[in-house]
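A.B. asks: Just passing along the structure, written as structure tokens.
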Amino acid sequence: MQQSRVGSKGELFPSKEIREKLKLNAHAKVIYKIEAGRLIVEPIPSLKEVLEEKPSVEITFEEFHKQRKELSMKAEI
């Protein structure tokens, strides 16, 4: 666990070690969430990082169209 401080304008100052672990560079965008009274800070990946990730689901074009048709039919009911 590490301590830090809050600046006079409310800025948060995570340590260099934390910034490096989260790959936070200057001007990086983050999401703040409050869960059970704790502040959670998550980096928002860049478009390049997202496109470089391996897909979590692989589906053929035919499977996609089949599932799309099924969902459309269920939505019409």
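Ligands are numbered from 1 in the order shown, residues from 1 within each chain, and chains are lettered A, B, ... in the order they appear in the structure tokens.
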Name the residues in contact with Arg5 in chain A at a cut-off of 10 Å, using only C-alpha atoms, excluding same-chain residues fewer than 4 positions from it; report them as a list in words.
C.D. replies: Gly10, Glu11, Leu12, Phe13, Pro14 and Ser15 of chain A
A.B. asks: Tell me which protein, DNA and RNA residues are within 12 Å of Arg19 in chain A, counting only C-alpha atoms, leaving out same-chain ones fewer than 5 positions away, and put them as a PyMOL selection string.
C.D. replies: chain A and resi 12-14+24-28+30+41-43
A.B. asks: Could you take the residues named above and write them with C-alpha atoms, as a PDB file, in the first residue's frame?
C.D. replies:
ATOM      1  CA  LEU A  12      -4.621  13.041  -7.438  1.00  0.00           C
ATOM      2  CA  PHE A  13      -0.918  12.229  -7.474  1.00  0.00           C
ATOM      3  CA  PRO A  14      -0.272   8.481  -7.795  1.00  0.00           C
ATOM      4  CA  LEU A  24      -0.438   5.841 -17.254  1.00  0.00           C
ATOM      5  CA  ASN A  25       1.416   8.463 -19.245  1.00  0.00           C
ATOM      6  CA  ALA A  26       0.859  12.204 -19.158  1.00  0.00           C
ATOM      7  CA  HIS A  27      -2.652  13.085 -20.376  1.00  0.00           C
ATOM      8  CA  ALA A  28      -3.821   9.446 -20.215  1.00  0.00           C
ATOM      9  CA  VAL A  30      -8.928   7.155 -16.750  1.00  0.00           C
ATOM     10  CA  VAL A  41      -9.028   4.223 -11.020  1.00  0.00           C
ATOM     11  CA  GLU A  42      -8.915   2.331 -14.321  1.00  0.00           C
ATOM     12  CA  PRO A  43      -7.037   3.407 -17.441  1.00  0.00           C
TER      13      PRO A  43
END
A.B. asks: As an exercise, work out the distance from CA of Glu62 in chain A to CA of Glu49 in chain A in Å and give it to one decimal place.
C.D. replies: 27.5 Å
A.B. asks: Where in chain A does DSSP assign helix (DSSP H, G or I), given as an MDAnalysis selection string?
C.D. replies: chainID A and resid 16:21 47:52 61:76
A.B. asks: Rounded to one decimal in Å, what is the spacing between CA of Arg68 in chain A and CA of Ser46 in chain A?
C.D. replies: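 That distance, rounded to one decimal, is 28.6 Å.
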